[in-house]
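**Q** My questions will all concern the structure given below.
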Amino acid sequence: MRLGLLASAAIVYLLAAWSVAPGFYDGFTPVQPYNWVCPPFHVANNVAPSTGHLDIKVLGGVSDANSAFTDDGQVVVGFLPGAFDVTGKQLIAVDVAPVAPCPSHPGLTFVTNVYHLTADAPLVKDMTVVMRFSDLVPAPSFIYFSPNPDGPWTSLGGHDGQPFTYVASSRQFGYYAAGYPEGAVTSRSRSSQLLPIAVAILIIGVLVAGIPLAVINRRRAGRKGAEAEDDDDDEEDEDSP
């Protein structure tokens with residue numbers, strides 16, 4: 001199914017690319033690098049991940065709708081109106097922080113950092129946790145939760161969000177990471193790595209294929225210009241006494 005969608009997308013892209021101006025290519029940008037606490041061995045030039053903080057207002061005895069996120073956008077936590085028990089509160093502080101050193105998680109493979117989500121009021125409604133992962137690692141199957149950095153870890157399930165993100169709901173603050181059971185890399189995980197590579201190859205192929213066409217068009221334009229100059233010279237010769 002994924003290969004069929006990829007092939008269809010490639011065909012549509014190729015047809016569109018040949019039918020529009022060169023500015024069509026300007027919108028393609030690389031995936032933002034993931035910032036690791038403990039980078040995989042094949043990741044170079046790693047940057048430390050960011051933290052996030054949010055103060056949620058309490059309006060009319062109800063906590064406001066809002067989202068807490070890390071400055072690098074690797075974790076976003078969304079709250080509905082009235083998500084918190086606001087007893088005695090005017091503001092509710094929420095913090096998101098990567099955990100260092102990297103916690104152990106036997107039996108699981110995490111493809112994101114472990115993040116500690118905290119707040120100074122309990123939840124009475126589910127929050128939405130969105131975790132971005134790197135295009136250099138397999139896609140996760142679940143988002144995991146633990147009340148302690150070293151486990152035990154519980155799967156919250158989850159589903160794909162925007163490209164290279166995974167989403168789950170929870171009503172607990174604690175430790176979060178996205179990953180999959182150890183040894184459970186599937187064809188879905190492999191395809192998530194191949195997809196950006198395949199798209200990049202297609203884009204490069206289109207750009208390279210367009211070079212001869214550009215050369216031919218330039219030569220034609222040059223010939224037309226030269227022919228126009230020759231016609232002008234002939235007219236001047238005929239007009240001269």
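Naming works like this for the structure tokens: A, B, ... for the chains as they're shown, residue 1 at the start of each chain, ligands 1 onward in shown order.
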Mind checking which residues fall within 12 Å of range 29-40 of chain A, counting only C-alpha atoms, ignoring those fewer than 6 positions away in the same chain, and posting them as a compact mmCIF listing (two decimals) with N, CA and C atoms, in the first residue's frame?
**A**
```
# COMPACT_ATOMS: atom_id res chain seq x y z
N ASN A 46 25.56 16.49 16.60
CA ASN A 46 24.37 16.52 17.42
C ASN A 46 24.29 17.80 18.25
N VAL A 47 23.06 18.29 18.45
CA VAL A 47 22.78 19.45 19.29
C VAL A 47 21.94 18.98 20.47
N ALA A 48 22.21 19.50 21.65
CA ALA A 48 21.45 19.10 22.84
C ALA A 48 19.99 19.48 22.70
N PRO A 49 19.06 18.62 23.15
CA PRO A 49 17.64 18.95 23.06
C PRO A 49 17.23 20.05 24.03
N SER A 50 16.09 20.65 23.75
CA SER A 50 15.60 21.79 24.53
C SER A 50 14.54 21.37 25.55
N THR A 51 14.31 22.25 26.50
CA THR A 51 13.22 22.10 27.46
C THR A 51 12.05 22.99 27.04
N THR A 70 8.58 21.91 23.79
CA THR A 70 10.01 22.21 23.90
C THR A 70 10.39 23.23 22.84
N ASP A 71 11.44 23.99 23.09
CA ASP A 71 11.84 25.05 22.16
C ASP A 71 12.23 24.51 20.79
N ASP A 72 12.67 23.23 20.72
CA ASP A 72 13.03 22.65 19.43
C ASP A 72 11.86 21.90 18.79
N GLY A 73 10.69 21.94 19.43
CA GLY A 73 9.50 21.35 18.85
C GLY A 73 9.46 19.83 18.85
N GLN A 74 10.29 19.18 19.64
CA GLN A 74 10.34 17.72 19.62
C GLN A 74 9.23 17.09 20.46
N VAL A 75 8.66 17.84 21.40
CA VAL A 75 7.52 17.37 22.18
C VAL A 75 6.51 18.51 22.28
N ALA A 97 10.99 18.35 29.96
CA ALA A 97 12.46 18.34 29.98
C ALA A 97 13.00 16.99 29.54
N PRO A 98 14.02 16.97 28.68
CA PRO A 98 14.67 15.71 28.34
C PRO A 98 15.42 15.16 29.55
N VAL A 99 15.50 13.84 29.65
CA VAL A 99 16.11 13.19 30.80
C VAL A 99 17.53 12.78 30.46
N ALA A 100 18.46 13.17 31.32
CA ALA A 100 19.86 12.79 31.16
C ALA A 100 20.41 12.37 32.53
N PRO A 101 21.22 11.29 32.58
CA PRO A 101 21.58 10.41 31.46
C PRO A 101 20.39 9.61 30.97
N CYS A 102 20.56 8.95 29.82
CA CYS A 102 19.44 8.22 29.22
C CYS A 102 19.02 7.06 30.11
N PRO A 103 17.74 6.98 30.48
CA PRO A 103 17.28 5.88 31.32
C PRO A 103 17.38 4.54 30.62
N SER A 104 17.54 3.47 31.43
CA SER A 104 17.54 2.13 30.86
C SER A 104 16.10 1.69 30.61
N PHE A 110 13.80 2.63 22.31
CA PHE A 110 13.26 3.98 22.19
C PHE A 110 13.90 4.68 21.01
N VAL A 111 13.08 5.36 20.20
CA VAL A 111 13.58 6.10 19.05
C VAL A 111 13.52 7.61 19.29
N THR A 112 13.15 8.01 20.51
CA THR A 112 13.19 9.41 20.91
C THR A 112 13.93 9.51 22.24
N ASN A 113 14.20 10.72 22.65
CA ASN A 113 14.66 10.94 24.02
C ASN A 113 13.53 10.57 24.98
N VAL A 114 13.90 10.33 26.24
CA VAL A 114 12.92 10.22 27.30
C VAL A 114 12.69 11.64 27.84
N TYR A 115 11.42 12.02 27.97
CA TYR A 115 11.06 13.35 28.46
C TYR A 115 10.26 13.24 29.76
N MET A 131 5.10 13.42 19.96
CA MET A 131 6.56 13.27 20.02
C MET A 131 7.10 13.16 18.60
N ARG A 132 8.04 14.03 18.28
CA ARG A 132 8.70 13.96 16.97
C ARG A 132 9.87 12.98 17.07
N PHE A 133 10.11 12.24 15.97
CA PHE A 133 11.25 11.32 15.94
C PHE A 133 12.10 11.59 14.70
N SER A 134 13.28 11.04 14.69
CA SER A 134 14.24 11.31 13.62
C SER A 134 13.92 10.49 12.38
N ASP A 135 14.24 11.05 11.20
CA ASP A 135 14.11 10.30 9.96
C ASP A 135 15.25 9.30 9.77
N LEU A 136 16.20 9.26 10.70
CA LEU A 136 17.34 8.36 10.61
C LEU A 136 17.15 7.08 11.41
N VAL A 137 16.00 6.91 12.06
CA VAL A 137 15.72 5.73 12.87
C VAL A 137 14.37 5.15 12.46
N PRO A 163 4.14 14.18 9.52
CA PRO A 163 5.32 13.39 9.20
C PRO A 163 6.34 13.39 10.34
N PHE A 164 6.81 12.19 10.68
CA PHE A 164 7.82 11.97 11.71
C PHE A 164 7.35 12.41 13.09
N THR A 165 6.06 12.24 13.37
CA THR A 165 5.55 12.44 14.72
C THR A 165 4.65 11.27 15.10
N GLN A 193 11.96 4.93 6.92
CA GLN A 193 13.31 5.42 6.65
C GLN A 193 13.55 5.58 5.16
N LEU A 195 11.28 6.24 2.81
CA LEU A 195 10.45 7.24 2.17
C LEU A 195 11.18 8.54 1.89
N PRO A 196 11.85 9.19 2.90
CA PRO A 196 12.54 10.44 2.58
C PRO A 196 13.69 10.26 1.60
N ILE A 197 14.33 9.08 1.66
CA ILE A 197 15.43 8.81 0.72
C ILE A 197 14.89 8.72 -0.70
N VAL A 199 12.08 9.97 -1.92
CA VAL A 199 11.62 11.28 -2.38
C VAL A 199 12.80 12.15 -2.80
N ALA A 200 13.88 12.11 -2.01
CA ALA A 200 15.07 12.90 -2.35
C ALA A 200 15.65 12.46 -3.69
N ILE A 203 13.47 13.76 -6.51
CA ILE A 203 13.67 15.20 -6.73
C ILE A 203 14.98 15.44 -7.48
```
**Q** Can you check which residues of range 6-149 of chain A DSSP gives as strand (DSSP E or B) on the backbone and send them as a PyMOL selection string?
**A** chain A and resi 52-59+62-63+66-69+75-79+84+91-98+108-110+115-119+123+127-132+142-146
**Q** Restricting the calculation to only C-alpha atoms: of A:Leu108, A:Ala119, A:Ala184, A:Leu156, which residue gets closest to Asp95 in chain A?
**A**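 Distance minimum relative to Asp95 in chain A lands on A:Ala119.
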**Q** Quick check for you: according to DSSP on this backbone, which residues of range 152-192 of chain A are classed as helix (DSSP H, G or I)? Reply as a list in words.
**A**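 Output for range 152-192 of chain A, helix (DSSP H, G or I) only: Ser187, Arg188, Ser189, Arg190, Ser191 and Ser192 of chain A.
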**Q** Hey, what's within 6 Å of Phe84 in chain A if we count only C-alpha atoms and toss same-chain stuff fewer than 6 positions away? As an NGL selection string, please?
**A** :A and (122-124)
**Q** Next, dump the selected residues to file, keeping only N, CA and C atoms, as a PDB file, in the first residue's frame.
**A**
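After the write, out_10.pdb holds the following:
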```pdb
ATOM      1  N   PRO A 122      -3.153  18.330  39.190  1.00  0.00           N
ATOM      2  CA  PRO A 122      -3.496  17.059  38.542  1.00  0.00           C
ATOM      3  C   PRO A 122      -4.457  17.247  37.374  1.00  0.00           C
ATOM      4  N   LEU A 123      -4.447  16.294  36.477  1.00  0.00           N
ATOM      5  CA  LEU A 123      -5.340  16.318  35.324  1.00  0.00           C
ATOM      6  C   LEU A 123      -6.681  15.675  35.662  1.00  0.00           C
ATOM      7  N   VAL A 124      -7.743  16.235  35.073  1.00  0.00           N
ATOM      8  CA  VAL A 124      -9.063  15.615  35.152  1.00  0.00           C
ATOM      9  C   VAL A 124      -9.576  15.263  33.749  1.00  0.00           C
TER      10      VAL A 124
END
```
**Q** What is the distance, in Å and to one decimal place, between CA of Ser146 in chain A and CA of Tyr175 in chain A?
**A**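 Straight-line distance from CA of Ser146 in chain A to CA of Tyr175 in chain A works out to 5.1 Å.
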